[in-house]
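K.L.:
Input file: my_file-v1.cif. Contents: mmCIF, C-alpha atoms and all ligand atoms.
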```
data_query
loop_
_atom_site.label_atom_id
_atom_site.label_comp_id
_atom_site.auth_asym_id
_atom_site.auth_seq_id
_atom_site.Cartn_x
_atom_site.Cartn_y
_atom_site.Cartn_z
CA MET A 1 131.15 66.13 88.87
CA THR A 2 131.35 69.22 86.68
CA LYS A 3 131.09 70.02 83.00
CA LYS A 4 133.31 72.51 81.23
CA LEU A 5 131.94 75.80 79.96
CA PRO A 6 133.27 77.83 77.01
CA PHE A 7 132.56 81.13 78.82
CA SER A 8 133.21 82.50 82.31
CA ALA A 9 130.74 83.93 84.82
CA PRO A 10 131.96 87.55 84.26
CA GLN A 11 131.80 87.08 80.48
CA LEU A 12 128.22 85.85 80.78
CA SER A 13 127.32 88.85 82.97
CA GLU A 14 128.48 91.11 80.16
CA ILE A 15 126.40 89.24 77.61
CA LYS A 16 123.39 89.45 79.93
CA ALA A 17 123.81 93.21 80.14
CA ALA A 18 123.03 93.37 76.41
CA TYR A 19 120.52 90.52 76.08
CA PRO A 20 117.81 89.75 78.64
CA THR A 21 117.51 86.15 79.84
CA PRO A 22 116.40 83.58 79.01
CA PHE A 23 118.42 82.99 75.86
CA TYR A 24 120.25 80.25 74.05
CA LEU A 25 123.99 80.61 73.63
CA TYR A 26 125.90 78.52 71.06
CA ASP A 27 129.64 77.97 71.12
CA GLU A 28 131.02 78.34 67.57
CA LYS A 29 134.50 77.15 68.44
CA GLY A 30 133.25 73.98 70.11
CA LEU A 31 130.82 73.32 67.27
CA ARG A 32 133.53 73.65 64.61
CA GLU A 33 136.21 71.69 66.45
CA HIS A 34 133.85 68.81 67.09
CA ALA A 35 132.55 68.85 63.50
CA ARG A 36 136.14 68.54 62.25
CA LYS A 37 136.88 65.68 64.61
CA PHE A 38 133.72 63.88 63.50
CA LYS A 39 134.49 64.31 59.81
CA GLN A 40 138.12 63.35 60.26
CA ALA A 41 137.25 60.04 61.93
CA PHE A 42 134.93 58.93 59.13
CA SER A 43 137.06 60.25 56.29
CA ILE A 44 138.67 56.78 56.10
CA PHE A 45 135.65 56.07 53.89
CA PRO A 46 135.92 57.68 50.46
CA GLY A 47 132.91 59.89 49.76
CA PHE A 48 131.82 60.00 53.42
CA LYS A 49 129.26 62.69 54.10
CA GLU A 50 127.43 63.84 57.21
CA TYR A 51 124.02 65.40 56.65
CA PHE A 52 123.20 67.49 59.71
CA ALA A 53 119.66 66.69 60.92
CA VAL A 54 118.24 70.20 60.69
CA LYS A 55 115.41 69.54 63.14
CA ALA A 56 117.96 69.50 65.98
CA THR A 57 118.86 73.18 65.54
CA PRO A 58 117.01 74.78 62.64
CA ASN A 59 118.95 78.02 62.68
CA PRO A 60 120.55 79.06 59.37
CA PHE A 61 123.66 80.44 61.09
CA ILE A 62 124.36 77.14 62.82
CA MET A 63 123.65 75.33 59.55
CA LYS A 64 126.00 77.69 57.71
CA ILE A 65 128.83 76.92 60.14
CA LEU A 66 128.27 73.21 59.57
CA GLN A 67 128.10 73.74 55.81
CA GLU A 68 131.51 75.41 56.00
CA GLU A 69 132.75 72.31 57.81
CA GLY A 70 131.56 70.19 54.89
CA PHE A 71 128.23 68.93 56.16
CA GLY A 72 125.03 68.61 54.15
CA ALA A 73 121.51 68.92 55.53
CA ASP A 74 119.06 66.19 56.47
CA CYS A 75 115.61 67.73 56.05
CA SER A 76 112.17 66.40 56.96
CA SER A 77 109.81 69.25 56.15
CA LEU A 78 109.16 72.16 53.81
CA ALA A 79 110.54 74.70 56.29
CA GLU A 80 113.75 72.72 56.73
CA LEU A 81 114.16 72.51 52.95
CA ILE A 82 113.75 76.28 52.69
CA LEU A 83 116.38 76.80 55.41
CA SER A 84 118.81 74.69 53.40
CA GLU A 85 117.99 76.60 50.24
CA GLN A 86 118.57 79.91 52.03
CA ILE A 87 122.12 79.00 53.00
CA GLY A 88 122.90 77.43 49.63
CA VAL A 89 122.92 73.77 50.66
CA LEU A 90 121.43 72.35 47.47
CA GLY A 91 121.21 69.26 45.27
CA GLU A 92 122.57 66.03 46.68
CA ASN A 93 123.87 67.91 49.70
CA ILE A 94 120.29 67.61 50.93
CA MET A 95 118.89 64.32 52.19
CA PHE A 96 115.11 64.54 52.35
CA THR A 97 113.98 61.91 54.83
CA SER A 98 110.41 62.43 55.82
CA ASN A 99 107.65 60.16 56.93
CA ASP A 100 104.02 61.10 56.41
CA THR A 101 104.88 63.41 53.55
CA GLU A 102 102.75 65.86 51.59
CA GLN A 103 103.08 66.49 47.88
CA ASN A 104 104.34 70.05 48.26
CA GLU A 105 107.24 68.79 50.37
CA TYR A 106 108.27 66.19 47.79
CA LEU A 107 107.95 68.80 45.06
CA LYS A 108 110.21 71.25 46.87
CA ALA A 109 112.76 68.53 47.66
CA HIS A 110 112.82 67.52 44.00
CA LYS A 111 113.14 71.10 42.78
CA LEU A 112 116.17 71.56 45.03
CA GLY A 113 117.68 68.35 43.64
CA ALA A 114 117.64 66.67 47.07
CA ILE A 115 118.19 62.97 47.54
CA ILE A 116 114.71 61.69 48.29
CA ASN A 117 114.56 58.95 50.89
CA LEU A 118 111.17 57.22 50.84
CA ASP A 119 109.60 55.99 54.05
CA ASP A 120 106.99 53.70 52.52
CA ILE A 121 106.57 51.52 49.45
CA ARG A 122 103.33 53.33 48.56
CA HIS A 123 105.24 56.56 48.27
CA ILE A 124 106.86 55.33 45.05
CA ASP A 125 103.54 55.83 43.22
CA TYR A 126 102.73 58.92 45.23
CA LEU A 127 106.05 60.49 44.29
CA GLU A 128 105.64 59.50 40.65
CA GLN A 129 102.24 61.21 40.52
CA THR A 130 103.57 64.23 42.40
CA LEU A 131 106.43 64.65 39.96
CA ALA A 132 104.43 63.80 36.81
CA SER A 133 104.74 67.35 35.46
CA GLU A 134 108.40 67.53 36.50
CA GLY A 135 109.60 64.65 34.35
CA GLY A 136 108.63 61.82 36.69
CA LEU A 137 110.67 60.01 39.30
CA PRO A 138 114.20 61.26 40.03
CA GLU A 139 117.23 59.29 38.76
CA LEU A 140 118.30 58.52 42.34
CA LEU A 141 116.08 57.10 45.08
CA CYS A 142 116.76 55.93 48.59
CA PHE A 143 114.56 53.75 50.81
CA ARG A 144 114.34 53.70 54.59
CA TYR A 145 114.57 50.22 56.04
CA ASN A 146 112.85 49.09 59.24
CA PRO A 147 114.20 45.70 60.30
CA GLY A 148 111.20 45.06 62.58
CA PRO A 149 111.68 41.87 64.59
CA LEU A 150 115.23 41.44 63.27
CA ARG A 151 116.61 44.20 65.50
CA GLU A 152 115.85 45.39 69.01
CA GLY A 153 116.37 49.14 68.68
CA ASN A 154 117.21 51.00 71.85
CA ALA A 155 115.37 52.53 74.77
CA ILE A 156 114.67 55.85 73.08
CA ILE A 157 113.43 54.84 69.64
CA GLY A 158 112.02 51.60 71.02
CA ASP A 159 111.18 48.33 69.34
CA PRO A 160 111.48 48.70 65.52
CA LYS A 161 108.23 46.69 65.14
CA GLU A 162 106.43 49.49 66.96
CA ALA A 163 108.14 52.25 64.99
CA LYS A 164 106.13 54.01 62.29
CA TYR A 165 109.17 54.41 60.07
CA GLY A 166 110.45 52.58 57.06
CA PHE A 167 109.86 49.65 54.68
CA THR A 168 109.67 46.05 55.85
CA ARG A 169 112.36 43.78 54.53
CA GLU A 170 110.04 42.26 51.96
CA GLN A 171 108.79 45.66 50.81
CA LEU A 172 112.37 46.79 50.36
CA PHE A 173 113.11 44.12 47.76
CA THR A 174 109.76 44.71 46.03
CA GLY A 175 110.38 48.46 46.05
CA TYR A 176 113.84 48.31 44.48
CA LYS A 177 112.59 45.90 41.83
CA LEU A 178 109.66 48.16 40.99
CA CYS A 179 111.93 51.17 40.67
CA GLN A 180 114.40 49.21 38.55
CA GLU A 181 111.52 48.41 36.19
CA LYS A 182 110.64 52.10 36.11
CA GLY A 183 114.16 52.79 34.87
CA ILE A 184 115.78 54.16 38.01
CA LYS A 185 119.50 53.46 38.00
CA ARG A 186 120.91 55.01 41.15
CA PHE A 187 119.96 53.70 44.59
CA GLY A 188 120.67 54.33 48.25
CA LEU A 189 119.64 52.54 51.44
CA HIS A 190 118.92 54.14 54.78
CA THR A 191 117.99 53.14 58.30
CA MET A 192 117.62 54.88 61.63
CA ILE A 193 116.82 52.51 64.44
CA ILE A 194 118.52 53.99 67.46
CA SER A 195 118.55 57.36 69.13
CA ASN A 196 120.73 59.03 71.75
CA GLU A 197 122.89 55.91 71.96
CA LEU A 198 126.31 55.93 73.60
CA ASN A 199 127.24 52.31 72.94
CA PRO A 200 129.47 52.46 69.84
CA ASP A 201 128.84 48.83 68.89
CA PHE A 202 125.22 49.62 68.01
CA PHE A 203 126.43 51.72 65.09
CA VAL A 204 128.75 49.01 63.88
CA GLU A 205 125.89 46.46 63.98
CA THR A 206 123.68 48.85 62.02
CA ALA A 207 126.34 49.30 59.36
CA ALA A 208 126.86 45.53 59.10
CA MET A 209 123.10 45.04 58.73
CA LEU A 210 122.98 47.50 55.82
CA PHE A 211 126.10 46.02 54.21
CA GLU A 212 124.51 42.56 54.33
CA LEU A 213 121.43 43.96 52.63
CA ALA A 214 123.63 45.58 49.99
CA VAL A 215 125.08 42.15 49.23
CA GLU A 216 121.61 40.57 48.98
CA LEU A 217 120.36 43.36 46.72
CA LYS A 218 123.25 42.69 44.38
CA GLU A 219 122.68 38.94 44.42
CA GLN A 220 118.90 39.07 44.02
CA LEU A 221 118.35 42.12 41.84
CA GLY A 222 121.75 42.98 40.43
CA ILE A 223 121.61 46.38 42.15
CA LYS A 224 124.87 48.03 43.10
CA LEU A 225 123.95 50.55 45.77
CA GLU A 226 125.59 53.95 45.53
CA PHE A 227 125.43 54.69 49.26
CA VAL A 228 124.20 53.50 52.61
CA ASN A 229 123.00 56.07 55.11
CA LEU A 230 123.53 54.88 58.67
CA GLY A 231 121.14 57.53 60.04
CA GLY A 232 121.80 59.55 63.17
CA GLY A 233 121.36 58.51 66.76
CA ILE A 234 124.79 59.04 68.28
CA GLY A 235 124.11 60.07 71.86
CA VAL A 236 125.19 63.04 73.91
CA PRO A 237 126.86 62.29 77.25
CA TYR A 238 124.34 64.42 79.14
CA LEU A 239 125.54 63.17 82.52
CA PRO A 240 128.98 64.40 83.56
CA ASP A 241 130.28 60.85 84.05
CA GLN A 242 129.10 59.50 80.69
CA GLN A 243 131.57 58.77 77.91
CA ALA A 244 131.16 60.25 74.44
CA VAL A 245 131.14 57.80 71.52
CA ASP A 246 134.64 57.19 70.20
CA TYR A 247 134.30 58.03 66.48
CA ASP A 248 137.65 56.51 65.54
CA TYR A 249 136.61 53.22 67.09
CA VAL A 250 133.24 53.25 65.26
CA ALA A 251 134.87 54.18 61.93
CA GLN A 252 137.52 51.46 62.25
CA GLN A 253 135.02 48.77 63.24
CA VAL A 254 132.67 49.77 60.42
CA MET A 255 135.67 49.57 58.09
CA LEU A 256 136.27 45.96 59.12
CA GLU A 257 132.66 45.15 58.24
CA TYR A 258 133.07 47.08 55.00
CA GLN A 259 136.06 44.98 54.02
CA ARG A 260 134.34 41.76 55.07
CA LEU A 261 131.09 42.41 53.22
CA ILE A 262 131.50 45.18 50.67
CA THR A 263 135.04 44.82 49.35
CA THR A 264 134.94 41.01 49.13
CA ASN A 265 131.62 41.14 47.26
CA ASP A 266 132.91 43.63 44.72
CA LEU A 267 130.56 46.37 45.92
CA ASP A 268 133.38 48.83 46.57
CA PRO A 269 133.13 51.85 46.37
CA LEU A 270 129.98 52.22 48.45
CA LYS A 271 129.60 55.65 49.98
CA ILE A 272 128.86 55.95 53.69
CA TYR A 273 126.54 58.72 54.81
CA MET A 274 125.37 59.70 58.28
CA GLU A 275 122.74 62.15 59.46
CA CYS A 276 123.48 62.96 63.07
CA GLY A 277 121.85 65.97 64.65
CA ARG A 278 121.92 65.68 68.42
CA VAL A 279 125.61 64.95 68.89
CA ILE A 280 126.65 67.62 66.40
CA ALA A 281 124.84 70.53 68.05
CA GLY A 282 123.64 69.31 71.46
CA PRO A 283 126.78 69.86 73.56
CA TYR A 284 127.48 73.28 72.02
CA GLY A 285 124.28 75.05 73.04
CA TYR A 286 123.33 76.37 76.49
CA LEU A 287 120.12 77.76 77.91
CA ILE A 288 120.89 80.73 80.14
CA THR A 289 118.30 81.69 82.72
CA ASP A 290 118.08 83.79 85.87
CA VAL A 291 116.73 82.67 89.22
CA ILE A 292 113.84 84.97 90.07
CA HIS A 293 112.32 83.28 93.13
CA MET A 294 113.32 80.81 95.81
CA LYS A 295 110.50 78.89 97.40
CA HIS A 296 110.56 76.59 100.43
CA THR A 297 107.50 74.41 101.01
CA TYR A 298 107.58 70.61 101.20
CA LYS A 299 110.64 70.87 98.99
CA ASP A 300 113.07 73.60 98.04
CA TYR A 301 112.34 75.18 94.67
CA VAL A 302 114.51 77.32 92.45
CA GLY A 303 112.20 79.39 90.21
CA THR A 304 113.76 80.53 86.92
CA ASN A 305 112.62 82.88 84.17
CA ALA A 306 112.86 80.04 81.61
CA THR A 307 110.23 77.31 81.34
CA MET A 308 109.76 73.97 79.64
CA ALA A 309 108.47 76.04 76.73
CA ASN A 310 112.14 76.95 76.20
CA LEU A 311 113.50 73.44 76.76
CA MET A 312 111.03 70.61 77.00
CA ARG A 313 113.33 67.59 77.08
CA PRO A 314 113.33 67.14 80.88
CA ALA A 315 109.53 67.29 81.00
CA LEU A 316 109.02 65.20 77.88
CA TYR A 317 111.58 62.44 78.43
CA GLY A 318 112.74 62.94 82.01
CA SER A 319 116.09 63.90 80.48
CA TYR A 320 119.04 64.98 82.56
CA HIS A 321 120.53 68.38 81.69
CA HIS A 322 123.49 69.43 83.77
CA ILE A 323 123.13 72.80 85.51
CA SER A 324 125.95 75.18 86.45
CA VAL A 325 125.28 77.96 88.95
CA MET A 326 127.44 80.74 87.55
CA GLY A 327 130.18 81.95 89.85
CA LYS A 328 129.52 79.05 92.23
CA GLU A 329 131.21 76.36 90.14
CA ASN A 330 133.61 75.49 92.93
CA GLN A 331 131.16 75.52 95.83
CA PRO A 332 129.99 72.27 97.41
CA THR A 333 126.76 70.86 95.95
CA ASP A 334 125.23 70.44 99.39
CA HIS A 335 121.70 71.68 98.63
CA ARG A 336 118.91 69.71 96.99
CA TYR A 337 116.49 71.55 94.70
CA ASP A 338 113.79 71.22 92.09
CA VAL A 339 114.57 73.77 89.39
CA THR A 340 111.30 74.99 87.90
CA GLY A 341 109.70 77.34 85.41
CA SER A 342 106.44 79.26 85.68
CA LEU A 343 104.06 77.19 83.54
CA CYS A 344 100.77 75.95 84.96
CA GLU A 345 102.10 72.44 84.60
CA ASN A 346 103.77 70.56 87.42
CA ASN A 347 106.28 68.86 85.14
CA ASP A 348 107.70 72.28 84.23
CA LYS A 349 110.98 71.36 85.88
CA PHE A 350 114.54 71.39 84.56
CA ALA A 351 115.75 69.22 87.40
CA ILE A 352 114.23 67.26 90.27
CA ASP A 353 116.10 66.60 93.53
CA ARG A 354 119.32 67.99 92.04
CA GLN A 355 122.34 68.52 94.29
CA LEU A 356 123.54 72.08 93.66
CA PRO A 357 125.41 74.81 95.53
CA GLU A 358 123.24 77.07 97.68
CA ILE A 359 121.23 79.26 95.30
CA SER A 360 119.66 82.67 95.85
CA ALA A 361 117.40 84.83 93.72
CA GLY A 362 119.53 86.72 91.21
CA ASP A 363 121.85 83.80 90.46
CA THR A 364 122.33 82.82 86.83
CA LEU A 365 121.98 79.21 85.73
CA THR A 366 123.54 77.63 82.66
CA ILE A 367 121.65 74.57 81.46
CA HIS A 368 124.04 72.39 79.46
CA ASP A 369 123.70 70.31 76.30
CA ALA A 370 120.65 72.21 75.08
CA GLY A 371 121.96 72.84 71.56
CA ALA A 372 119.83 70.11 69.94
CA HIS A 373 116.07 69.71 70.34
CA GLY A 374 116.20 72.71 72.67
CA HIS A 375 115.03 75.95 71.09
CA SER A 376 113.64 73.91 68.19
CA MET A 377 111.17 72.05 70.40
CA GLY A 378 110.05 75.28 72.01
CA PHE A 379 106.39 76.18 72.17
CA ASN A 380 104.10 78.97 73.31
CA TYR A 381 101.99 77.44 76.06
CA ASN A 382 100.77 79.96 78.66
CA GLY A 383 101.68 82.64 76.13
CA LYS A 384 105.39 82.12 76.73
CA LEU A 385 107.56 83.63 74.04
CA ARG A 386 110.44 81.87 72.34
CA SER A 387 113.80 83.20 73.41
CA ALA A 388 116.64 84.68 71.40
CA GLU A 389 119.51 82.57 70.10
CA LEU A 390 123.02 84.00 70.43
CA LEU A 391 126.27 82.82 68.92
CA LEU A 392 129.51 83.09 70.86
CA ARG A 393 132.00 83.65 68.03
CA GLU A 394 135.56 82.36 68.03
CA ASP A 395 136.81 85.87 68.85
CA ASN A 396 134.47 85.94 71.89
CA SER A 397 132.09 88.47 70.30
CA ILE A 398 128.35 87.82 70.34
CA LEU A 399 126.08 87.63 67.31
CA GLU A 400 122.33 87.47 67.76
CA ILE A 401 121.30 84.72 65.33
CA ARG A 402 117.59 84.85 66.18
CA ARG A 403 115.83 87.60 68.06
CA ALA A 404 113.45 86.84 70.90
CA GLU A 405 109.76 86.69 70.05
CA THR A 406 107.62 89.66 71.02
CA LEU A 407 103.99 89.78 72.06
CA ASP A 408 103.28 91.14 68.56
CA ASP A 409 104.68 87.89 67.13
CA TYR A 410 102.54 85.92 69.52
CA PHE A 411 99.36 87.78 68.58
CA ALA A 412 100.17 88.01 64.84
CA THR A 413 97.72 85.27 63.88
CA LEU A 414 94.80 86.88 65.75
CA ASP A 415 92.57 89.62 64.40
CA PHE A 416 91.35 91.61 67.42
CA ASP A 417 89.39 93.97 65.13
CA LYS A 418 87.11 91.11 64.15
CA LEU A 419 85.92 91.07 67.77
CA GLN A 420 84.08 94.34 67.08
CA THR A 421 81.63 92.59 64.77
CA PHE A 422 81.55 89.27 66.61
CA ASP A 423 78.55 88.51 68.76
C1 LIG B 1 116.06 62.77 64.04
C2 LIG B 1 116.62 62.13 62.84
C3 LIG B 1 118.00 62.10 62.64
C4 LIG B 1 118.96 62.65 63.63
O1 LIG B 1 118.95 61.95 64.80
P1 LIG B 1 119.93 62.38 66.00
O2 LIG B 1 119.46 61.52 67.12
O3 LIG B 1 119.68 63.82 66.22
O4 LIG B 1 121.30 62.09 65.55
C5 LIG B 1 118.48 61.54 61.48
N1 LIG B 1 117.64 61.02 60.57
C6 LIG B 1 116.32 61.03 60.72
C7 LIG B 1 115.47 60.46 59.66
C8 LIG B 1 115.76 61.58 61.86
O5 LIG B 1 114.44 61.59 62.01
#
```
Have the structure of the file written as structure tokens, please.

P.N.:
Amino acid sequence: MTKKLPFSAPQLSEIKAAYPTPFYLYDEKGLREHARKFKQAFSIFPGFKEYFAVKATPNPFIMKILQEEGFGADCSSLAELILSEQIGVLGENIMFTSNDTEQNEYLKAHKLGAIINLDDIRHIDYLEQTLASEGGLPELLCFRYNPGPLREGNAIIGDPKEAKYGFTREQLFTGYKLCQEKGIKRFGLHTMIISNELNPDFFVETAAMLFELAVELKEQLGIKLEFVNLGGGIGVPYLPDQQAVDYDYVAQQVMLEYQRLITTNDLDPLKIYMECGRVIAGPYGYLITDVIHMKHTYKDYVGTNATMANLMRPALYGSYHHISVMGKENQPTDHRYDVTGSLCENNDKFAIDRQLPEISAGDTLTIHDAGAHGHSMGFNYNGKLRSAELLLREDNSILEIRRAETLDDYFATLDFDKLQTFD
């Protein structure tokens, strides 16, 4: 089984002549076309908005492309808020969904006019104190719901009871009531209970769960929610034989639930928001690396000049990332390899027992579906430097959207001069 590439082996050789490997390469055309398809499917809901989960690919150029396609930004930290500010995603185009949040982060979110989505009932007071000199609580608040034993979650996020996120059901009702008493008029409701899920019915169930809560909130507290945020969690078909989620199917099924619960209970219009990250950027980013050594011991190893410090998903989650050996796309995959990096860490492997064409030193590998949680999860273990990020434009030109780190960057937080007086 193969996966399509938006560039050819000769084209990649040219890019490599200008930029040393390893590097990330993002496909602007693919990113835009998919973003349009995504938005189109859910535009059957008036006021639909997707907030791109910035943590997936916190690069302002990628964010800017998505902004042009009509997406907002889902931020969870001060740095992510600043990235949004830098590209001019402001006000209610920002969803600030954090968890164990510091005051300076809430302050920044509020100053940018972001929608603040609280993770815990105690954060109502914390936010009120934080914003005391800013005029108090915002006019719009959203709460994150954790259904606990009422839902099963999925393999990645796990059992909601064990998840650190969100309000319990009881806290949710108490929280809305408290905020009503404090004079807040505009409310949203959020949940995020699944991750990297390819079964479309999970998303429909999640929407129905939130719609049912919207009905109960109206009945018990007289609250008419302004929006529900279904969270992210749509999966990437990392394996070549996996099926992508059919957005039209999800949108149409959610619409049936909307009519059944929202329209009939006079809660229409209720805006539908989503905050997907992985599926938006994941398939449109590639990690490009060169094979520097072949090694044959008890197994056959392909040694690359990238490491799990560039892409840690395989080591962290045992994730599958498809690998193309450039120029050998049509050769039989009759060799079995572990594809490794150079870290002093035996799980520094991009693939284990992978069937690939015969590889020799000097070959170039393209590691697929690395556009989300790829570069962004990078780290500096063993003094490895973060790679550059390149954008393949629609006219096939290349734009460097982040330079590679240098040793000066790596040592910037050390003061070697201090060693002179240290004994
Ligand atoms: C990570 C995250 C998302 C995005 O999840 P994906 O799996 O990338 O779609 C959305 N919302 C919150 C609160 C998150 O933490």

K.L.:
Within 12 Å of region 3-23 of chain A, which residues of region 174-278 of chain A come that close, and what is the closest atom pair and distance in Å for each? Count all atoms listed in the file and give it as a Markdown table.

P.N.:
```
| residue | atom | partner | partner_atom | distance |
| --- | --- | --- | --- | --- |
| A:Pro237 | CA | A:Lys3 | CA | 10.5 |
| A:Tyr238 | CA | A:Lys3 | CA | 9.6 |
| A:Leu239 | CA | A:Lys3 | CA | 8.8 |
| A:Pro240 | CA | A:Lys3 | CA | 6.0 |
| A:Asp241 | CA | A:Lys3 | CA | 9.3 |
| A:Gln242 | CA | A:Lys3 | CA | 11.0 |
```

K.L.:
Any idea what's packed within 6 Å of region 72-76 of chain A, counting only C-alpha atoms, ignoring anything in its chain fewer than 3 positions away? Could you give it as a PyMOL selection string?

P.N.:
chain A and resi 51-54+80-81+93-98

K.L.:
Write out, as JSON lines, each residue of chain A that has an atom at most 10 Å from ligand LIG 1 (chain B), together with the closest pair of atoms and their distance in Å to one decimal, counting all atoms listed in the file, rows going by chain and rising number.

P.N.:
```
{"residue": "A:Tyr51", "atom": "CA", "partner": "B:LIG1", "partner_atom": "C5", "distance": 8.3}
{"residue": "A:Phe52", "atom": "CA", "partner": "B:LIG1", "partner_atom": "C4", "distance": 7.5}
{"residue": "A:Ala53", "atom": "CA", "partner": "B:LIG1", "partner_atom": "C4", "distance": 4.9}
{"residue": "A:Val54", "atom": "CA", "partner": "B:LIG1", "partner_atom": "C4", "distance": 8.1}
{"residue": "A:Lys55", "atom": "CA", "partner": "B:LIG1", "partner_atom": "C1", "distance": 6.9}
{"residue": "A:Ala56", "atom": "CA", "partner": "B:LIG1", "partner_atom": "O3", "distance": 5.9}
{"residue": "A:Thr57", "atom": "CA", "partner": "B:LIG1", "partner_atom": "O3", "distance": 9.4}
{"residue": "A:Ala73", "atom": "CA", "partner": "B:LIG1", "partner_atom": "C5", "distance": 10.0}
{"residue": "A:Asp74", "atom": "CA", "partner": "B:LIG1", "partner_atom": "N1", "distance": 6.7}
{"residue": "A:Cys75", "atom": "CA", "partner": "B:LIG1", "partner_atom": "C7", "distance": 8.1}
{"residue": "A:Ser76", "atom": "CA", "partner": "B:LIG1", "partner_atom": "C7", "distance": 7.3}
{"residue": "A:Met95", "atom": "CA", "partner": "B:LIG1", "partner_atom": "C7", "distance": 9.1}
{"residue": "A:Phe96", "atom": "CA", "partner": "B:LIG1", "partner_atom": "C7", "distance": 8.4}
{"residue": "A:Thr97", "atom": "CA", "partner": "B:LIG1", "partner_atom": "C7", "distance": 5.3}
{"residue": "A:Ser98", "atom": "CA", "partner": "B:LIG1", "partner_atom": "C7", "distance": 6.7}
{"residue": "A:Asn99", "atom": "CA", "partner": "B:LIG1", "partner_atom": "C7", "distance": 8.3}
{"residue": "A:Asn117", "atom": "CA", "partner": "B:LIG1", "partner_atom": "C7", "distance": 8.9}
{"residue": "A:Asp119", "atom": "CA", "partner": "B:LIG1", "partner_atom": "C7", "distance": 9.3}
{"residue": "A:Arg144", "atom": "CA", "partner": "B:LIG1", "partner_atom": "C7", "distance": 8.5}
{"residue": "A:Ile156", "atom": "CA", "partner": "B:LIG1", "partner_atom": "O2", "distance": 9.5}
{"residue": "A:Ile157", "atom": "CA", "partner": "B:LIG1", "partner_atom": "O2", "distance": 9.3}
{"residue": "A:Tyr165", "atom": "CA", "partner": "B:LIG1", "partner_atom": "C7", "distance": 8.7}
{"residue": "A:Gly166", "atom": "CA", "partner": "B:LIG1", "partner_atom": "C7", "distance": 9.7}
{"residue": "A:His190", "atom": "CA", "partner": "B:LIG1", "partner_atom": "C7", "distance": 8.7}
{"residue": "A:Thr191", "atom": "CA", "partner": "B:LIG1", "partner_atom": "C7", "distance": 7.9}
{"residue": "A:Met192", "atom": "CA", "partner": "B:LIG1", "partner_atom": "N1", "distance": 6.2}
{"residue": "A:Ile193", "atom": "CA", "partner": "B:LIG1", "partner_atom": "C6", "distance": 9.3}
{"residue": "A:Ile194", "atom": "CA", "partner": "B:LIG1", "partner_atom": "O2", "distance": 7.6}
{"residue": "A:Ser195", "atom": "CA", "partner": "B:LIG1", "partner_atom": "O2", "distance": 4.7}
{"residue": "A:Asn196", "atom": "CA", "partner": "B:LIG1", "partner_atom": "O2", "distance": 5.4}
{"residue": "A:Glu197", "atom": "CA", "partner": "B:LIG1", "partner_atom": "O2", "distance": 8.2}
{"residue": "A:Asn229", "atom": "CA", "partner": "B:LIG1", "partner_atom": "N1", "distance": 9.1}
{"residue": "A:Leu230", "atom": "CA", "partner": "B:LIG1", "partner_atom": "N1", "distance": 8.7}
{"residue": "A:Gly231", "atom": "CA", "partner": "B:LIG1", "partner_atom": "N1", "distance": 5.0}
{"residue": "A:Gly232", "atom": "CA", "partner": "B:LIG1", "partner_atom": "O4", "distance": 3.5}
{"residue": "A:Gly233", "atom": "CA", "partner": "B:LIG1", "partner_atom": "O2", "distance": 3.6}
{"residue": "A:Ile234", "atom": "CA", "partner": "B:LIG1", "partner_atom": "O4", "distance": 5.4}
{"residue": "A:Gly235", "atom": "CA", "partner": "B:LIG1", "partner_atom": "O2", "distance": 6.8}
{"residue": "A:Val236", "atom": "CA", "partner": "B:LIG1", "partner_atom": "O2", "distance": 9.0}
{"residue": "A:Met274", "atom": "CA", "partner": "B:LIG1", "partner_atom": "C5", "distance": 7.8}
{"residue": "A:Glu275", "atom": "CA", "partner": "B:LIG1", "partner_atom": "C5", "distance": 4.8}
{"residue": "A:Cys276", "atom": "CA", "partner": "B:LIG1", "partner_atom": "O4", "distance": 3.4}
{"residue": "A:Gly277", "atom": "CA", "partner": "B:LIG1", "partner_atom": "O3", "distance": 3.4}
{"residue": "A:Arg278", "atom": "CA", "partner": "B:LIG1", "partner_atom": "O3", "distance": 3.6}
{"residue": "A:Val279", "atom": "CA", "partner": "B:LIG1", "partner_atom": "O4", "distance": 6.2}
{"residue": "A:Ile280", "atom": "CA", "partner": "B:LIG1", "partner_atom": "O4", "distance": 7.7}
{"residue": "A:Ala281", "atom": "CA", "partner": "B:LIG1", "partner_atom": "O3", "distance": 8.7}
{"residue": "A:Gly282", "atom": "CA", "partner": "B:LIG1", "partner_atom": "O3", "distance": 8.6}
{"residue": "A:Ala372", "atom": "CA", "partner": "B:LIG1", "partner_atom": "O3", "distance": 7.3}
{"residue": "A:His373", "atom": "CA", "partner": "B:LIG1", "partner_atom": "O3", "distance": 8.0}
```

K.L.:
Which one of A:Phe379, A:Tyr24, A:Phe38, A:Phe187 sits closest to Met308 (chain A) if you count only C-alpha atoms?

P.N.:
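Among the listed residues, the smallest separation from Met308 (chain A) belongs to A:Phe379.
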
K.L.:
Skip Asp125 (chain A) itself and residues of its chain fewer than 4 positions away, then list as a list of chain:residue names all residues within 12 Å of it, counting all atoms listed in the file.

P.N.:
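Near Asp125 (chain A), the qualifying residues are A:Gln103, A:Leu118, A:Asp120, A:Ile121, A:Gln129, A:Thr130, A:Leu131, A:Ala132, A:Gly136, A:Leu137, A:Gly175, A:Leu178, A:Cys179, A:Lys182.
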
K.L.:
Could you work out how far CA of Pro200 (chain A) lies from CA of Lys161 (chain A), giving the answer in Å with one decimal?

P.N.:
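So the answer is 22.5 Å.
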